[in-house]
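Text of input-v5.txt (compact mmCIF, C-alpha atoms) as supplied:
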# COMPACT_ATOMS: atom_id res chain seq x y z
CA VAL A 848 -84.60 -2.34 19.02
CA ASN A 849 -82.60 0.45 17.51
CA THR A 850 -79.72 -0.66 15.33
CA ASN A 851 -77.21 1.91 14.13
CA VAL A 852 -75.29 0.82 11.05
CA VAL A 853 -72.35 2.93 9.90
CA GLU A 854 -71.40 2.36 6.32
CA THR A 855 -67.98 3.47 5.04
CA GLU A 856 -67.61 4.02 1.33
CA THR A 857 -64.35 2.71 -0.07
CA ILE A 858 -62.87 4.39 -3.11
CA PRO A 859 -59.88 3.53 -5.30
CA LEU A 860 -56.62 5.44 -4.67
CA ASP A 861 -54.99 6.39 -7.97
CA VAL A 862 -51.58 8.11 -8.08
CA SER A 863 -50.19 9.35 -11.40
CA THR A 864 -46.94 11.32 -11.85
CA ASP A 865 -45.15 12.54 -14.98
CA ASN A 866 -41.74 14.14 -14.29
CA GLU A 867 -39.06 15.54 -16.59
CA VAL A 868 -35.98 17.41 -15.33
CA VAL A 869 -32.57 18.69 -16.48
CA VAL A 870 -29.96 19.44 -13.78
CA GLU A 871 -26.46 20.88 -14.26
CA ASN A 872 -24.14 21.25 -11.27
CA GLU A 873 -20.77 23.00 -11.35
CA ALA A 874 -18.90 23.29 -8.05
CA THR A 875 -15.30 24.30 -7.38
CA THR A 876 -13.78 24.31 -3.90
CA THR A 877 -10.19 25.47 -3.47
CA ALA A 878 -8.04 25.84 -0.37
CA ALA A 879 -4.42 26.95 -0.72
CA THR A 880 -1.68 28.16 1.58
CA GLY A 881 1.22 27.55 -0.83
CA GLU A 882 2.68 29.18 -3.92
CA ASN A 883 4.91 31.42 -1.81
CA ASN A 884 8.18 32.94 -3.00
CA ALA A 885 10.92 34.25 -0.74
CA SER A 886 14.54 35.22 -1.30
CA SER A 887 17.33 36.89 0.64
CA THR A 888 21.09 36.90 0.92
CA SER A 889 20.99 35.27 4.34
CA GLU A 890 18.41 32.95 5.94
CA THR A 891 15.15 32.34 4.07
CA GLU A 892 12.27 30.41 5.59
CA ILE A 893 8.75 29.55 4.30
CA THR A 894 6.21 27.87 6.56
CA THR A 895 2.67 27.25 5.33
CA GLY A 896 -0.40 26.24 7.28
CA ASP A 897 -2.80 23.38 6.59
CA ALA A 898 -5.35 23.54 3.75
CA TYR A 899 -8.77 21.88 3.85
CA ALA A 900 -11.18 21.66 0.92
CA SER A 901 -14.53 19.92 1.15
CA ALA A 902 -17.56 19.63 -1.11
CA ASN A 903 -20.90 17.85 -0.85
CA VAL A 904 -23.17 17.76 -3.90
CA LEU A 905 -26.53 16.05 -3.67
CA SER A 906 -29.04 15.93 -6.51
CA VAL A 907 -32.45 14.44 -5.78
CA VAL A 908 -34.79 14.59 -8.76
CA ASN A 909 -38.00 12.83 -9.72
CA LEU A 910 -38.53 11.34 -6.29
CA ASN A 911 -42.00 9.89 -5.76
CA LEU A 912 -42.91 8.83 -2.21
CA VAL A 913 -46.07 6.98 -1.32
CA GLU A 914 -46.38 5.96 2.34
CA SER A 915 -42.58 5.93 2.70
CA ASN A 916 -39.73 7.56 4.68
CA GLY A 917 -36.10 8.35 3.89
CA PHE A 918 -32.89 9.68 5.46
CA LEU A 919 -29.63 10.92 3.89
CA TYR A 920 -26.46 11.88 5.80
CA LEU A 921 -23.20 13.16 4.19
CA LEU A 922 -20.14 13.99 6.30
CA ASN A 923 -16.48 15.01 5.78
CA ASN A 924 -14.23 15.21 8.86
CA PHE A 925 -10.77 16.79 8.79
CA LEU A 926 -8.53 15.72 11.68
CA GLN A 927 -11.04 16.82 14.28
CA SER A 928 -11.90 15.03 17.49
CA LEU A 929 -15.09 13.60 16.10
CA GLY A 930 -15.78 10.91 18.67
CA HIS A 931 -18.63 8.53 18.04
CA ILE A 932 -21.07 8.82 15.13
CA ASP A 933 -24.38 8.06 16.77
CA LEU A 934 -27.20 7.70 14.27
CA ARG A 935 -29.64 7.09 17.09
CA LEU A 936 -29.88 10.87 17.39
CA PHE A 937 -31.59 10.96 14.01
CA SER A 938 -34.10 8.22 14.74
CA SER A 939 -35.74 9.36 17.97
CA PRO A 940 -39.32 8.17 18.07
CA GLU A 941 -41.97 10.77 17.46
CA THR A 942 -45.59 10.63 18.42
CA PRO A 943 -47.52 10.08 15.18
CA PRO A 944 -50.19 12.65 14.40
CA ASP A 945 -53.84 11.78 14.74
CA ASN A 946 -55.12 9.89 11.76
CA PRO A 947 -57.06 12.43 9.70
CA CYS A 948 -59.14 9.64 8.18
CA GLY A 949 -60.68 8.73 11.52
CA THR A 950 -60.05 5.02 10.89
CA PRO A 951 -57.35 2.62 12.10
CA SER A 952 -55.61 3.21 8.78
CA CYS A 953 -56.24 5.57 5.91
CA ASP A 954 -55.93 2.54 3.65
CA ASP A 955 -59.26 1.39 5.05
CA PHE A 956 -60.89 3.94 2.78
CA ALA A 957 -59.11 2.69 -0.34
CA SER A 958 -60.53 -0.34 -2.10
CA SER A 959 -57.47 -0.49 -4.39
CA LEU A 960 -54.09 1.18 -4.96
CA SER A 961 -52.87 2.15 -8.42
CA VAL A 962 -49.58 3.99 -9.00
CA GLU A 963 -48.29 5.05 -12.41
CA ALA A 964 -45.03 7.01 -12.66
CA THR A 965 -43.12 8.26 -15.70
CA ASN A 966 -39.72 9.90 -15.05
CA GLN A 967 -37.05 11.38 -17.32
CA ALA A 968 -33.83 12.84 -15.87
CA GLU A 969 -30.69 14.46 -17.31
CA ILE A 970 -27.97 15.18 -14.73
CA SER A 971 -24.55 16.68 -15.45
CA ASN A 972 -21.99 17.23 -12.66
CA ALA A 973 -18.60 18.94 -12.76
CA LEU A 974 -17.07 18.84 -9.27
CA ILE A 975 -13.54 20.09 -8.51
CA THR A 976 -12.02 20.02 -5.02
CA ARG A 977 -8.42 21.15 -4.66
CA SER A 978 -6.18 21.65 -1.66
CA SER A 979 -2.59 22.79 -1.89
CA THR A 980 0.20 23.86 0.44
CA GLY A 981 3.07 23.30 -2.01
CA ASN A 982 4.67 25.01 -5.02
CA ASN A 983 6.81 27.24 -2.84
CA SER A 984 10.19 28.70 -3.80
CA ALA A 985 12.89 29.84 -1.38
CA THR A 986 16.31 31.20 -2.28
CA GLY A 987 19.01 32.30 0.13
CA GLY A 988 22.18 31.45 1.94
CA GLN A 989 20.24 29.07 4.17
CA SER A 990 16.77 28.34 2.82
CA SER A 991 14.07 26.08 4.24
CA ILE A 992 10.49 25.21 3.33
CA ALA A 993 8.01 23.48 5.64
CA THR A 994 4.54 22.96 4.21
CA GLY A 995 1.39 22.10 6.08
CA ASN A 996 -0.97 19.23 5.38
CA ALA A 997 -3.41 19.28 2.46
CA PHE A 998 -6.77 17.52 2.60
CA ALA A 999 -9.47 17.33 -0.08
CA GLY A 1000 -12.73 15.42 0.25
CA ALA A 1001 -15.86 15.20 -1.87
CA ASN A 1002 -19.20 13.43 -1.68
CA LEU A 1003 -21.26 13.29 -4.86
CA VAL A 1004 -24.65 11.63 -4.72
CA ASN A 1005 -27.17 11.51 -7.55
CA ILE A 1006 -30.62 10.14 -6.78
CA ALA A 1007 -32.85 10.17 -9.82
CA ASN A 1008 -36.07 8.54 -10.88
CA THR A 1009 -36.83 6.93 -7.55
CA ASN A 1010 -40.24 5.46 -6.87
CA ILE A 1011 -40.67 4.41 -3.25
CA ILE A 1012 -44.00 2.87 -2.40
CA ASN A 1013 -44.71 1.53 1.06
CA SER A 1014 -40.94 1.33 1.67
CA ASN A 1015 -38.02 3.02 3.49
CA TYR A 1016 -34.49 4.03 2.54
CA LEU A 1017 -31.31 5.17 4.35
CA LEU A 1018 -28.07 6.52 2.82
CA PHE A 1019 -24.91 7.45 4.80
CA ALA A 1020 -21.56 8.54 3.25
CA PHE A 1021 -18.57 9.48 5.44
CA ASN A 1022 -14.93 10.54 4.77
CA ASN A 1023 -12.57 10.79 7.75
CA PHE A 1024 -9.10 12.27 7.16
CA GLY A 1025 -6.65 11.05 9.76
CA GLY A 1026 -7.16 8.63 12.61
CA TRP A 1027 -10.56 8.05 14.16
CA ASP A 1028 -11.12 7.00 17.76
CA GLY A 1029 -14.83 6.40 17.69
CA ASP A 1030 -17.64 3.99 16.96
CA LEU A 1031 -20.32 3.95 14.31
CA ILE A 1032 -23.57 3.40 16.19
CA PHE A 1033 -26.74 2.57 14.30
CA PRO A 1034 -30.22 2.84 15.79
CA ASN A 1035 -31.41 -0.05 17.91
CA SER A 1036 -33.18 -3.19 16.75
CA PHE A 1037 -36.60 -1.62 17.25
CA PHE A 1038 -35.78 0.99 14.61
CA PHE A 1039 -34.66 -1.57 12.05
CA SER A 1040 -37.55 -3.86 12.87
CA SER A 1041 -39.81 -1.05 11.74
CA PHE A 1042 -37.47 0.01 8.94
CA PHE A 1043 -37.44 -3.38 7.24
CA SER A 1044 -41.12 -4.15 7.75
CA GLN A 1045 -43.90 -2.93 5.52
CA SER A 1046 -47.60 -3.53 5.65
CA SER A 1047 -49.00 -5.69 2.88
CA THR A 1048 -50.60 -3.99 -0.08
CA GLU A 1049 -52.58 -6.70 -1.77
CA GLY A 1050 -54.07 -6.09 -5.17
CA ALA A 1051 -51.92 -3.02 -5.84
CA GLU A 1052 -51.04 -2.05 -9.39
CA VAL A 1053 -47.70 -0.31 -9.86
CA SER A 1054 -46.29 0.83 -13.21
CA ASP A 1055 -42.93 2.69 -13.39
CA THR A 1056 -41.20 3.97 -16.53
CA ASN A 1057 -37.78 5.55 -15.94
CA SER A 1058 -35.13 7.04 -18.23
CA ALA A 1059 -31.94 8.62 -16.88
CA ASN A 1060 -28.66 9.97 -18.23
CA VAL A 1061 -26.06 10.87 -15.58
CA GLU A 1062 -22.62 12.32 -16.39
CA SER A 1063 -20.19 13.10 -13.57
CA GLU A 1064 -16.68 14.55 -13.68
CA VAL A 1065 -15.02 14.61 -10.27
CA GLU A 1066 -11.50 15.93 -9.61
CA VAL A 1067 -10.09 15.70 -6.09
CA LEU A 1068 -6.52 16.95 -5.61
CA ALA A 1069 -4.33 17.37 -2.55
CA GLU A 1070 -0.78 18.62 -3.05
CA THR A 1071 2.11 19.52 -0.75
CA GLY A 1072 5.03 19.08 -3.15
CA GLY A 1073 6.46 21.06 -6.03
CA ASN A 1074 8.75 23.05 -3.73
CA GLU A 1075 12.16 24.46 -4.63
CA ALA A 1076 14.86 25.59 -2.21
CA GLU A 1077 18.27 26.90 -3.26
CA GLY A 1078 21.27 27.64 -1.09
CA GLU A 1079 23.73 25.96 1.21
CA GLY A 1080 22.03 23.48 3.50
CA ALA A 1081 18.64 23.88 1.78
CA VAL A 1082 15.90 21.92 3.55
CA ILE A 1083 12.40 21.02 2.32
CA GLY A 1084 9.81 19.33 4.50
CA SER A 1085 6.38 18.68 2.99
CA GLY A 1086 3.28 17.72 4.91
CA ASP A 1087 0.78 14.95 4.29
CA ALA A 1088 -1.52 15.04 1.27
CA LEU A 1089 -4.80 13.13 1.40
CA ALA A 1090 -7.62 13.16 -1.13
CA GLY A 1091 -10.75 11.05 -1.24
CA ALA A 1092 -14.13 10.96 -2.93
CA ASN A 1093 -17.36 9.02 -2.66
CA VAL A 1094 -19.48 8.94 -5.81
CA SER A 1095 -22.87 7.26 -5.63
CA ASN A 1096 -25.39 7.07 -8.46
CA ILE A 1097 -28.77 5.73 -7.46
CA VAL A 1098 -30.94 5.90 -10.54
CA ASN A 1099 -34.09 4.22 -11.78
CA THR A 1100 -34.87 2.67 -8.42
CA ASN A 1101 -38.26 1.14 -7.79
CA LEU A 1102 -38.99 0.07 -4.22
CA PHE A 1103 -42.28 -1.61 -3.46
CA ASN A 1104 -42.85 -3.24 -0.08
CA THR A 1105 -39.09 -3.28 0.53
CA SER A 1106 -36.27 -1.15 2.02
CA ASN A 1107 -32.91 0.19 0.89
CA PHE A 1108 -29.94 0.46 3.30
CA PHE A 1109 -26.70 1.98 1.90
CA VAL A 1110 -23.60 2.92 3.93
CA VAL A 1111 -20.06 3.74 2.76
CA PHE A 1112 -17.27 5.29 4.82
CA ARG A 1113 -13.53 5.72 4.27
CA ILE A 1114 -10.91 6.17 7.00
CA PHE A 1115 -7.56 7.71 6.02
CA GLY A 1116 -5.47 6.59 8.99
CA SER A 1117 -5.91 4.20 11.89
CA TRP A 1118 -9.34 3.39 13.26
CA ASN A 1119 -9.84 2.40 16.88
CA GLY A 1120 -13.52 1.63 16.94
CA SER A 1121 -16.25 -0.70 15.81
CA VAL A 1122 -19.77 -0.87 14.43
CA PHE A 1123 -22.65 -1.34 16.82
CA ASN A 1124 -26.30 -2.21 16.25
CA ALA A 1125 -25.78 -3.37 12.68
CA PRO A 1126 -29.05 -4.73 11.27
CA GLU A 1127 -29.53 -8.46 11.41
CA GLY A 1128 -28.02 -10.16 8.38
CA ILE A 1129 -25.66 -7.26 7.57
CA GLU A 1130 -21.94 -7.54 8.30
CA TRP A 1131 -19.05 -5.10 7.89
CA ALA A 1132 -15.45 -5.69 6.86
CA GLU A 1133 -12.32 -3.52 6.82
CA THR A 1134 -10.48 -3.32 3.52
CA PRO A 1135 -6.68 -2.79 3.10
CA SER A 1136 -7.32 0.80 1.93
Take the structure in the file and write it out as structure tokens.
Amino acid sequence: VNTNVVETETIPLDVSTDNEVVVENEATTTAATGENNASSTSETEITTGDAYASANVLSVVNLNLVESNGFLYLLNNFLQSLGHIDLRLFSSPETPPDNPCGTPSCDDFASSLSVEATNQAEISNALITRSSTGNNSATGGQSSIATGNAFAGANLVNIANTNIINSNYLLFAFNNFGGWDGDLIFPNSFFFSSFFSQSSTEGAEVSDTNSANVESEVEVLAETGGNEAEGEGAVIGSGDALAGANVSNIVNTNLFNTSNFFVVFRIFGSWNGSVFNAPEGIEWAETPS
């Protein structure tokens, strides 16, 4: 009787990281159609177009991933026919590659898991977003000023010193200027069933040491006023001015056998829509603003 015995040697899996980073971001976005001057002895007219200013700043530093997945989505929409936001497009199933270990799971080779991470981060942000159609001056017998709309939007996200082990994360930030006739559609229940489930890692040793200093200065300005018209029957009509910002600081985050789900969106105007496929146990509510 021939008996073939295949022995597999298990070895410990040790992960050690030591990260130190300094990041400085300076971003200025300006859109202007105003600051016009016109004068005549008869009819004087100033008409400005719309101004749109948008900025997205994302800093991801000292990110340590071990058997984990993540997804980030930042969006600003200015009075466009956006329709539905369908996040199912970003979660289409893919055929996993062949396991290079030749076993049901690569963890079968590891007799133990040890992770040690040391992270230090210094982040400084100076973000300015300005949009202006105003500050116009018209002088004449009959003077008129009609300014366009001004919109300014900014998303600032700082993700620092993040240790994700056997976990998943999702971040979505959205600014919509004006009305929105559309739905926010999350992936189906099968996606979240996998997203919120992690395989057990018994006997694992995880040690995380994080230090972070984050300073952010954000200025978002939308202006349509400051207009001057002189003359008989002077008329000034200013457009709408909307400004909004989302600032998210996610620092010193340690995820182990868990998941992180973060969504924030602001609608400047009326919203004719709903949220579909929200994960079980998560509800949404509309605020007065």
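The coordinates place atom CA of Gln927 of chain A at 28.3 Å from atom CA of Glu892 of chain A.
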Self-check item: Interatomic distance (Å, one decimal) between atom CA of Ile970 of chain A and atom CA of Leu1017 of chain A
Solution: 21.8 Å
Exercise. Would you kindly return, as a PyMOL selection string, each protein, DNA or RNA residue with an atom no farther than 7 Å from any atom of Thr876 of chain A, considering all atoms listed in the file and excluding same-chain residues fewer than 5 positions away?
Key: chain A and resi 900-902+975-977
Exercise. Might you pull out every residue within 10 Å of Glu963 of chain A, with all atoms listed in the file counted and same-chain residues fewer than 5 positions away left off, and present them as a list of chain:residue names?
Key: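 Final neighbour list, sorted by chain and number: A:Asp861, A:Val862, A:Ser863, A:Thr864, A:Asp865, A:Asn1010, A:Glu1052, A:Val1053, A:Ser1054, A:Asp1055, A:Thr1056.
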Keeping only C-alpha atoms, take the residues you just selected and write them out as a short mmCIF file (atom, residue, chain, number, x, y, z; two decimals), keeping the file's coordinate frame.
data_model
loop_
_atom_site.label_atom_id
_atom_site.label_comp_id
_atom_site.auth_asym_id
_atom_site.auth_seq_id
_atom_site.Cartn_x
_atom_site.Cartn_y
_atom_site.Cartn_z
CA ASP A 861 -54.99 6.39 -7.97
CA VAL A 862 -51.58 8.11 -8.08
CA SER A 863 -50.19 9.35 -11.40
CA THR A 864 -46.94 11.32 -11.85
CA ASP A 865 -45.15 12.54 -14.98
CA ASN A 1010 -40.24 5.46 -6.87
CA GLU A 1052 -51.04 -2.05 -9.39
CA VAL A 1053 -47.70 -0.31 -9.86
CA SER A 1054 -46.29 0.83 -13.21
CA ASP A 1055 -42.93 2.69 -13.39
CA THR A 1056 -41.20 3.97 -16.53
#
Quiz item: By how many Å are atom CA of Ser1117 of chain A and atom CA of Pro1034 of chain A apart?
Solution: 24.7 Å
Selection: 8 Å around Asp1028 of chain A, all atoms listed in the file, excl. self and same-chain fewer than 5 positions, as a PDB file with C-alpha atoms, keeping the file's coordinate frame:
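Result file follows (part.pdb):
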ATOM      1  CA  LEU A 929     -15.090  13.600  16.100  1.00  0.00           C
ATOM      2  CA  GLY A 930     -15.780  10.910  18.670  1.00  0.00           C
ATOM      3  CA  HIS A 931     -18.630   8.530  18.040  1.00  0.00           C
ATOM      4  CA  TRP A1118      -9.340   3.390  13.260  1.00  0.00           C
ATOM      5  CA  ASN A1119      -9.840   2.400  16.880  1.00  0.00           C
ATOM      6  CA  GLY A1120     -13.520   1.630  16.940  1.00  0.00           C
TER       7      GLY A1120
END
Quiz prompt | Which residue of A:Gly1080, A:Gly896, A:Gly1128, A:Gly1000 approaches Gly988 of chain A most closely, using all atoms listed in the file | solution =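 The shortest atom-to-atom distance to Gly988 of chain A comes from A:Gly1080.
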Exercise. Within 12 Å of Glu1130 of chain A, counting all atoms listed in the file, which residues show up once you throw out same-chain ones fewer than 5 positions away? Write them as a count of residues only, please.
Key: 6
Practice problem: Could you check which of A:Leu936, A:Ala1001, A:Ala985, A:Ala964 is closest to Asn903 of chain A, using only C-alpha atoms? | Solution: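 Going through A:Leu936, A:Ala1001, A:Ala985, A:Ala964 one by one, the smallest distance to Asn903 of chain A is for A:Ala1001.
Closest approach to Thr965 of chain A among A:Asn866, A:Ser1041, A:Asn924, A:Asn983 is made by A:Asn866 (distances from all atoms listed in the file).
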Quiz prompt | Selection as a VMD selection string: residues within 12 Å of (13.5, 23.6, -3.5), counting all atoms listed in the file | solution = chain A and resid 883 to 886 891 to 893 981 to 987 989 to 994 1072 to 1085
Quiz item: When distances are computed from only C-alpha atoms, which of A:Leu1003, A:Val1067, A:Ala1059, A:Ala1090 shows the smallest separation from Gly1025 of chain A?
Solution: A:Ala1090
Quiz item: Within 9 Å of Ala1020 of chain A, counting only C-alpha atoms, which residues qualify if same-chain residues fewer than 5 places away don't, as a list of chain:residue names?
Solution: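 Answer for this query is A:Leu919, A:Tyr920, A:Leu921, A:Leu922, A:Asn923, A:Asn1002, A:Asn1093, A:Phe1109, A:Val1110, A:Val1111, A:Phe1112, A:Arg1113.
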Quiz item: Using all atoms listed in the file, which of A:Phe998, A:Phe1043, A:Phe1033, A:Trp1027 sits nearest Ser1106 of chain A?
Solution: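 Using all atoms listed in the file, Ser1106 of chain A sits closest to A:Phe1043.
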Quiz item: With only C-alpha atoms as the atoms that count, which of A:Val868, A:Gly917, A:Leu1031, A:Asn1057 lies nearest to Trp1131 of chain A?
Solution: A:Leu1031
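Point (-28.8, 9.4, -17.7) has the following residues at most 7 Å away: Ala968, Glu969, Ile970, Ser1058, Ala1059, Asn1060, Val1061 and Glu1062 of chain A (atoms considered: all atoms listed in the file).
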